[in-house]
Amino acid sequence: MSKQTDVVVAGGGGFIGGHLVGELLAQGKTVRSIDIKPPHEWYQLHQDAENVVADLSLLDNARAGVQEARQVYMLAADMGGMGFIENNKAACMMSVLTSTHMLQAAHEAGVERYFYSSSACVYAADKQTDPNVTALKEQDAYPAQPEDGYGWEKLFSERMCRHYAEDYGFTTRVARYHNVYGPHGTWTGGREKAPAAVCRKVAEAVVSGDHRIDIWGDGQQSRSFMYIDDCLHGTQMIMHADSGVPVNLGSSELVTINQLVDIVEQIAGIRCERTYQLDAPQGVRGRNSDNDLIREIYGWEPSIPLLDGLEKTYAWVYDQVKRSHQ
Ligand code: NAD
Ligand code: GDD
């Protein structure tokens, strides 16, 4: 791993990483994509990238991974939707080793720019108790009361980026992603988030002819969901900008989970009988992205309508479901 590369994508075998590697290659960049998973488990394996299997929580691997690199997108984390993060708090917090060693190694190696993928899970729980939620502004992360486990790791690691910038003059950039969805993401197995999970359940109803589906919670909890193309655009925009302040990167199109299901049913052309599982993992009651700051700094915000993004996501998930039934 000693040859020069424009960009390192840590977590390149994952959902957002796989899309980002593809986009950077299409722009003519040289890319080193690193993930802990064996290659056959990568969501997208781009042959034109330098694909490396390594555990970046180990400092030596992080150092080797960023060697001769100009920029680093740090997307590696042990994470998932509510079903995973509510039951794996210790595992989520262990990603602090990956976040710390990657930041340390990138700084030591003289990397020019470093991007860290933080999360809306850094926001204080007491600001997310109502489905008709007031959208979250960046300052709502403090006083700190983030999502237990996963959110604490994200808040600590984004703050470390700030101190590397302040103390060492290292150029760090932080985006707080709000629930990102799209094709080539986790759609089954326990780590999937609501958009992919609902697409899978509705697709399975279509394929099996049994139109009964389970929904976690009462369906009245609310979220906003950002399509992957907006995420890719915003991520690169934030990486290359002058501002180093953590900024929301999310859609402000607020829907309840029931409305999310309505849209997927509309796309699939069926109506399902819903059973609400009130003891399933639910997370916060309501969450939306306040986009004043991103508009103010960048004159842009995610805008792909949920219906448009879900049409593409449903088509992809439907294909996976069909294949798994063959
Ligand atoms: P993902 O799980 O699909 O991808 C993360 C990748 O990191 C996985 O492929 C995993 O194998 C890899 N990884 C984990 N530990 C590693 C290690 N020690 N060394 C090397 N690779 C390791 O997740 P994603 O949806 O693509 O998310 C990317 C980043 O964005 C993560 O940091 C995540 O916390 C953050 N984020 C995502 C969302 C979302 O809705 N997708 C929301 C908020 C924040
Ligand atoms: N995952 C999932 N699966 N969620 C479901 C389902 C289902 O089948 N049915 C209903 N839900 C509900 C959950 O109970 C929750 O209230 C809501 O849909 C959203 O769940 P997720 O998409 O799993 O997670 P989240 O929005 O609470 O948090 C996610 O987004 C954060 C960023 O905004 C997580 O992926 C975090 O890791 C991420 O940082």
# chains A, B, ... in the order shown; residues from 1 in each chain; ligands from 1

$ residues_near_ligand --ligand "ligand 2" --cutoff "6 Å" --atoms "only C-alpha atoms and all ligand atoms" --output "VMD selection string"
chain A and resid 79 to 83 119 to 121 177 to 179 192 to 194 197 to 198 215 to 217 221 257 281 to 283

$ residues_near_ligand --ligand "ligand 1" --cutoff "6 Å" --atoms "only C-alpha atoms and all ligand atoms" --output "mmCIF file with N, CA and C atoms, in the first residue's frame"
data_model
loop_
_atom_site.group_PDB
_atom_site.id
_atom_site.type_symbol
_atom_site.label_atom_id
_atom_site.label_comp_id
_atom_site.auth_asym_id
_atom_site.auth_seq_id
_atom_site.Cartn_x
_atom_site.Cartn_y
_atom_site.Cartn_z
ATOM 1 N N GLY A 11 -14.194 2.031 5.024
ATOM 2 C CA GLY A 11 -15.571 1.531 5.035
ATOM 3 C C GLY A 11 -16.115 1.446 3.616
ATOM 4 N N GLY A 13 -16.450 -0.983 1.692
ATOM 5 C CA GLY A 13 -17.291 -2.142 1.392
ATOM 6 C C GLY A 13 -18.718 -1.972 1.860
ATOM 7 N N GLY A 14 -19.000 -0.849 2.510
ATOM 8 C CA GLY A 14 -20.339 -0.594 3.038
ATOM 9 C C GLY A 14 -21.221 0.155 2.047
ATOM 10 N N PHE A 15 -22.366 0.595 2.544
ATOM 11 C CA PHE A 15 -23.385 1.225 1.693
ATOM 12 C C PHE A 15 -22.907 2.570 1.108
ATOM 13 N N ILE A 16 -22.652 3.530 1.977
ATOM 14 C CA ILE A 16 -22.283 4.864 1.474
ATOM 15 C C ILE A 16 -20.889 4.800 0.835
ATOM 16 N N GLY A 17 -19.973 4.058 1.483
ATOM 17 C CA GLY A 17 -18.616 3.925 0.958
ATOM 18 C C GLY A 17 -18.601 3.348 -0.449
ATOM 19 N N ASP A 35 -11.905 -2.023 3.881
ATOM 20 C CA ASP A 35 -13.008 -2.511 4.724
ATOM 21 C C ASP A 35 -12.548 -3.774 5.451
ATOM 22 N N ILE A 36 -13.143 -4.002 6.602
ATOM 23 C CA ILE A 36 -12.800 -5.186 7.410
ATOM 24 C C ILE A 36 -13.437 -6.455 6.850
ATOM 25 N N LYS A 37 -14.502 -6.304 6.042
ATOM 26 C CA LYS A 37 -15.237 -7.477 5.554
ATOM 27 C C LYS A 37 -14.466 -8.173 4.431
ATOM 28 N N ALA A 54 -8.815 -4.793 5.696
ATOM 29 C CA ALA A 54 -8.025 -4.521 6.901
ATOM 30 C C ALA A 54 -8.938 -4.038 8.024
ATOM 31 N N ASP A 55 -8.541 -4.366 9.245
ATOM 32 C CA ASP A 55 -9.245 -3.882 10.433
ATOM 33 C C ASP A 55 -8.617 -2.545 10.835
ATOM 34 N N LEU A 56 -9.315 -1.480 10.546
ATOM 35 C CA LEU A 56 -8.760 -0.135 10.771
ATOM 36 C C LEU A 56 -8.839 0.298 12.226
ATOM 37 N N SER A 57 -9.367 -0.557 13.094
ATOM 38 C CA SER A 57 -9.330 -0.211 14.521
ATOM 39 C C SER A 57 -7.907 -0.398 15.064
ATOM 40 N N LEU A 75 -15.590 6.504 6.826
ATOM 41 C CA LEU A 75 -16.980 6.020 6.903
ATOM 42 C C LEU A 75 -17.074 4.690 7.651
ATOM 43 N N ALA A 76 -15.940 4.153 8.093
ATOM 44 C CA ALA A 76 -15.962 2.829 8.724
ATOM 45 C C ALA A 76 -16.562 2.913 10.126
ATOM 46 N N ALA A 77 -17.539 2.061 10.393
ATOM 47 C CA ALA A 77 -18.139 1.992 11.728
ATOM 48 C C ALA A 77 -18.936 0.686 11.822
ATOM 49 N N ASP A 78 -19.027 0.176 13.041
ATOM 50 C CA ASP A 78 -19.843 -1.012 13.290
ATOM 51 C C ASP A 78 -21.230 -0.496 13.643
ATOM 52 N N MET A 79 -22.112 -0.458 12.666
ATOM 53 C CA MET A 79 -23.390 0.237 12.899
ATOM 54 C C MET A 79 -24.554 -0.411 12.164
ATOM 55 N N THR A 98 -11.476 2.759 15.786
ATOM 56 C CA THR A 98 -11.307 3.015 14.349
ATOM 57 C C THR A 98 -11.261 4.523 14.092
ATOM 58 N N SER A 117 -17.775 10.907 9.130
ATOM 59 C CA SER A 117 -19.236 10.738 9.006
ATOM 60 C C SER A 117 -19.855 10.598 10.389
ATOM 61 N N SER A 118 -20.383 11.699 10.900
ATOM 62 C CA SER A 118 -21.107 11.659 12.163
ATOM 63 C C SER A 118 -22.588 11.391 11.882
ATOM 64 N N SER A 119 -23.408 11.541 12.896
ATOM 65 C CA SER A 119 -24.797 11.088 12.784
ATOM 66 C C SER A 119 -25.766 11.999 13.524
ATOM 67 N N TYR A 177 -24.975 12.866 9.297
ATOM 68 C CA TYR A 177 -25.929 12.238 8.386
ATOM 69 C C TYR A 177 -27.248 11.955 9.108
ATOM 70 N N HIS A 178 -28.335 12.247 8.405
ATOM 71 C CA HIS A 178 -29.658 11.807 8.861
ATOM 72 C C HIS A 178 -30.094 10.654 7.955
ATOM 73 N N ASN A 179 -30.493 9.574 8.565
ATOM 74 C CA ASN A 179 -30.940 8.324 7.931
ATOM 75 C C ASN A 179 -30.845 8.312 6.385
ATOM 76 N N VAL A 180 -29.823 7.646 5.895
ATOM 77 C CA VAL A 180 -29.519 7.612 4.448
ATOM 78 C C VAL A 180 -30.037 6.287 3.880
#

$ closest_residue --among "A:Asp292, A:Asp319, A:Glu86, A:Asp130" --to "Tyr150 of chain A" --atoms "only C-alpha atoms"
A:Glu86

$ atom_distance --atom1 "atom CA of Thr5 of chain A" --atom2 "atom CA of Val174 of chain A"
21.8 Å

$ residues_around --residues "Phe115 of chain A" --least-positions-apart "4" --cutoff "9 Å" --atoms "only C-alpha atoms" --output "list in words"
Gln71, Val72, Tyr73, Met74, Leu75, Cys161, Thr171, Thr172, Arg173, Val174, Ala175, Thr235, Gln236, Ile238 and Met239 of chain A

$ select_by_dssp --residues "segment 6-184 of chain A" --states "strand (DSSP E or B)" --output "MDAnalysis selection string"
chainID A and resid 6:10 31:35 50:53 69:74 113:119 136 172:177 180:181

$ write_last_selection --atoms "C-alpha atoms" --output "PDB file, in the first residue's frame"
ATOM      1  CA  ASP A   6      -5.908  10.659  -4.315  1.00  0.00           C
ATOM      2  CA  VAL A   7      -8.504   9.382  -1.890  1.00  0.00           C
ATOM      3  CA  VAL A   8      -8.899   6.721   0.793  1.00  0.00           C
ATOM      4  CA  VAL A   9     -12.432   5.565   1.579  1.00  0.00           C
ATOM      5  CA  ALA A  10     -12.515   3.780   4.937  1.00  0.00           C
ATOM      6  CA  VAL A  31      -9.052   5.456  -4.843  1.00  0.00           C
ATOM      7  CA  ARG A  32      -8.014   3.078  -2.067  1.00  0.00           C
ATOM      8  CA  SER A  33     -11.080   1.429  -0.582  1.00  0.00           C
ATOM      9  CA  ILE A  34     -10.617  -0.302   2.776  1.00  0.00           C
ATOM     10  CA  ASP A  35     -13.008  -2.511   4.724  1.00  0.00           C
ATOM     11  CA  GLU A  50      -7.215  -0.498  -4.816  1.00  0.00           C
ATOM     12  CA  ASN A  51      -9.356  -2.735  -2.614  1.00  0.00           C
ATOM     13  CA  VAL A  52      -7.875  -3.580   0.764  1.00  0.00           C
ATOM     14  CA  VAL A  53      -9.220  -5.818   3.532  1.00  0.00           C
ATOM     15  CA  ALA A  69      -3.016   9.496   0.484  1.00  0.00           C
ATOM     16  CA  ARG A  70      -4.144  13.082  -0.079  1.00  0.00           C
ATOM     17  CA  GLN A  71      -7.668  12.807   1.314  1.00  0.00           C
ATOM     18  CA  VAL A  72      -9.496  10.429   3.639  1.00  0.00           C
ATOM     19  CA  TYR A  73     -13.241   9.799   3.910  1.00  0.00           C
ATOM     20  CA  MET A  74     -13.736   8.019   7.226  1.00  0.00           C
ATOM     21  CA  ARG A 113      -8.249  16.745   4.180  1.00  0.00           C
ATOM     22  CA  TYR A 114     -10.104  14.368   6.460  1.00  0.00           C
ATOM     23  CA  PHE A 115     -13.881  13.777   6.418  1.00  0.00           C
ATOM     24  CA  TYR A 116     -15.711  12.159   9.344  1.00  0.00           C
ATOM     25  CA  SER A 117     -19.236  10.738   9.006  1.00  0.00           C
ATOM     26  CA  SER A 118     -21.107  11.659  12.163  1.00  0.00           C
ATOM     27  CA  SER A 119     -24.797  11.088  12.784  1.00  0.00           C
ATOM     28  CA  LEU A 136     -32.689  19.691  14.985  1.00  0.00           C
ATOM     29  CA  THR A 172     -11.105  18.006   9.341  1.00  0.00           C
ATOM     30  CA  ARG A 173     -14.698  18.107   8.075  1.00  0.00           C
ATOM     31  CA  VAL A 174     -17.760  16.630   9.796  1.00  0.00           C
ATOM     32  CA  ALA A 175     -21.253  15.904   8.476  1.00  0.00           C
ATOM     33  CA  ARG A 176     -24.087  14.659  10.667  1.00  0.00           C
ATOM     34  CA  TYR A 177     -25.929  12.238   8.386  1.00  0.00           C
ATOM     35  CA  VAL A 180     -29.519   7.612   4.448  1.00  0.00           C
ATOM     36  CA  TYR A 181     -31.166   5.116   2.088  1.00  0.00           C
TER      37      TYR A 181
END

$ atom_distance --atom1 "atom CA of Tyr142 of chain A" --atom2 "atom CA of Ala125 of chain A"
10.5 Å

$ select_by_dssp --residues "segment 153-293 of chain A" --states "helix (DSSP H, G or I)" --output "ChimeraX atom specification"
/A:153-168,194-208,228-240,257-268,292-293

$ write_last_selection --atoms "C-alpha atoms" --output "PDB file, in the first residue's frame"
ATOM      1  CA  GLU A 153     -19.079   7.383  20.019  1.00  0.00           C
ATOM      2  CA  LYS A 154     -20.086   9.697  17.189  1.00  0.00           C
ATOM      3  CA  LEU A 155     -20.164  12.792  19.410  1.00  0.00           C
ATOM      4  CA  PHE A 156     -16.766  11.995  20.930  1.00  0.00           C
ATOM      5  CA  SER A 157     -15.182  11.273  17.547  1.00  0.00           C
ATOM      6  CA  GLU A 158     -16.531  14.389  15.846  1.00  0.00           C
ATOM      7  CA  ARG A 159     -15.247  16.432  18.791  1.00  0.00           C
ATOM      8  CA  MET A 160     -11.834  14.850  18.386  1.00  0.00           C
ATOM      9  CA  CYS A 161     -11.834  16.063  14.770  1.00  0.00           C
ATOM     10  CA  ARG A 162     -12.487  19.554  16.096  1.00  0.00           C
ATOM     11  CA  HIS A 163      -9.546  19.367  18.502  1.00  0.00           C
ATOM     12  CA  TYR A 164      -7.181  17.996  15.857  1.00  0.00           C
ATOM     13  CA  ALA A 165      -8.145  21.017  13.775  1.00  0.00           C
ATOM     14  CA  GLU A 166      -7.754  23.482  16.655  1.00  0.00           C
ATOM     15  CA  ASP A 167      -4.617  22.030  18.228  1.00  0.00           C
ATOM     16  CA  TYR A 168      -2.708  20.797  15.149  1.00  0.00           C
ATOM     17  CA  ALA A 194     -36.520   1.565   8.185  1.00  0.00           C
ATOM     18  CA  PRO A 195     -36.587   2.460   4.446  1.00  0.00           C
ATOM     19  CA  ALA A 196     -34.868  -0.770   3.344  1.00  0.00           C
ATOM     20  CA  ALA A 197     -36.744  -2.834   5.954  1.00  0.00           C
ATOM     21  CA  VAL A 198     -40.127  -1.527   4.804  1.00  0.00           C
ATOM     22  CA  CYS A 199     -39.187  -2.051   1.133  1.00  0.00           C
ATOM     23  CA  ARG A 200     -38.200  -5.644   1.968  1.00  0.00           C
ATOM     24  CA  LYS A 201     -41.385  -6.361   3.918  1.00  0.00           C
ATOM     25  CA  VAL A 202     -43.625  -4.979   1.176  1.00  0.00           C
ATOM     26  CA  ALA A 203     -41.619  -6.754  -1.557  1.00  0.00           C
ATOM     27  CA  GLU A 204     -41.921 -10.027   0.367  1.00  0.00           C
ATOM     28  CA  ALA A 205     -45.665  -9.455   0.603  1.00  0.00           C
ATOM     29  CA  VAL A 206     -45.821  -8.993  -3.174  1.00  0.00           C
ATOM     30  CA  VAL A 207     -43.684 -12.057  -3.882  1.00  0.00           C
ATOM     31  CA  SER A 208     -45.385 -14.360  -1.353  1.00  0.00           C
ATOM     32  CA  ILE A 228     -27.861   8.378  -1.381  1.00  0.00           C
ATOM     33  CA  ASP A 229     -27.277  10.782  -4.311  1.00  0.00           C
ATOM     34  CA  ASP A 230     -27.881  13.786  -2.021  1.00  0.00           C
ATOM     35  CA  CYS A 231     -25.574  12.199   0.556  1.00  0.00           C
ATOM     36  CA  LEU A 232     -22.762  11.801  -1.985  1.00  0.00           C
ATOM     37  CA  HIS A 233     -23.120  15.357  -3.242  1.00  0.00           C
ATOM     38  CA  GLY A 234     -23.235  16.837   0.259  1.00  0.00           C
ATOM     39  CA  THR A 235     -20.356  14.723   1.550  1.00  0.00           C
ATOM     40  CA  GLN A 236     -17.966  15.873  -1.177  1.00  0.00           C
ATOM     41  CA  MET A 237     -19.180  19.466  -0.920  1.00  0.00           C
ATOM     42  CA  ILE A 238     -18.486  19.529   2.829  1.00  0.00           C
ATOM     43  CA  MET A 239     -15.112  17.815   2.378  1.00  0.00           C
ATOM     44  CA  HIS A 240     -13.904  20.519  -0.024  1.00  0.00           C
ATOM     45  CA  ILE A 257     -43.260   5.610   9.611  1.00  0.00           C
ATOM     46  CA  ASN A 258     -46.870   4.961   8.552  1.00  0.00           C
ATOM     47  CA  GLN A 259     -46.451   7.522   5.768  1.00  0.00           C
ATOM     48  CA  LEU A 260     -43.218   5.815   4.736  1.00  0.00           C
ATOM     49  CA  VAL A 261     -45.130   2.525   4.480  1.00  0.00           C
ATOM     50  CA  ASP A 262     -47.932   4.254   2.519  1.00  0.00           C
ATOM     51  CA  ILE A 263     -45.410   5.459  -0.079  1.00  0.00           C
ATOM     52  CA  VAL A 264     -43.765   2.049  -0.462  1.00  0.00           C
ATOM     53  CA  GLU A 265     -47.187   0.394  -0.796  1.00  0.00           C
ATOM     54  CA  GLN A 266     -48.112   2.951  -3.469  1.00  0.00           C
ATOM     55  CA  ILE A 267     -44.922   2.127  -5.401  1.00  0.00           C
ATOM     56  CA  ALA A 268     -45.537  -1.629  -5.067  1.00  0.00           C
ATOM     57  CA  ASP A 292     -30.616  26.501   7.903  1.00  0.00           C
ATOM     58  CA  LEU A 293     -26.872  26.107   8.475  1.00  0.00           C
TER      59      LEU A 293
END

$ closest_residue --among "A:Pro143, A:Pro246, A:Pro183, A:Gly149" --to "Ile294 of chain A" --atoms "only C-alpha atoms"
A:Pro246

$ closest_residue --among "A:His184, A:Asp148, A:Glu108, A:Cys92" --to "Tyr43 of chain A" --atoms "only C-alpha atoms"
A:His184

$ closest_residue --among "A:Leu306, A:Ala141, A:Ile213, A:Val245" --to "Thr275 of chain A" --atoms "only C-alpha atoms"
A:Ile213

$ atom_distance --atom1 "atom CA of Ser222 of chain A" --atom2 "atom CA of Asn132 of chain A"
7.5 Å
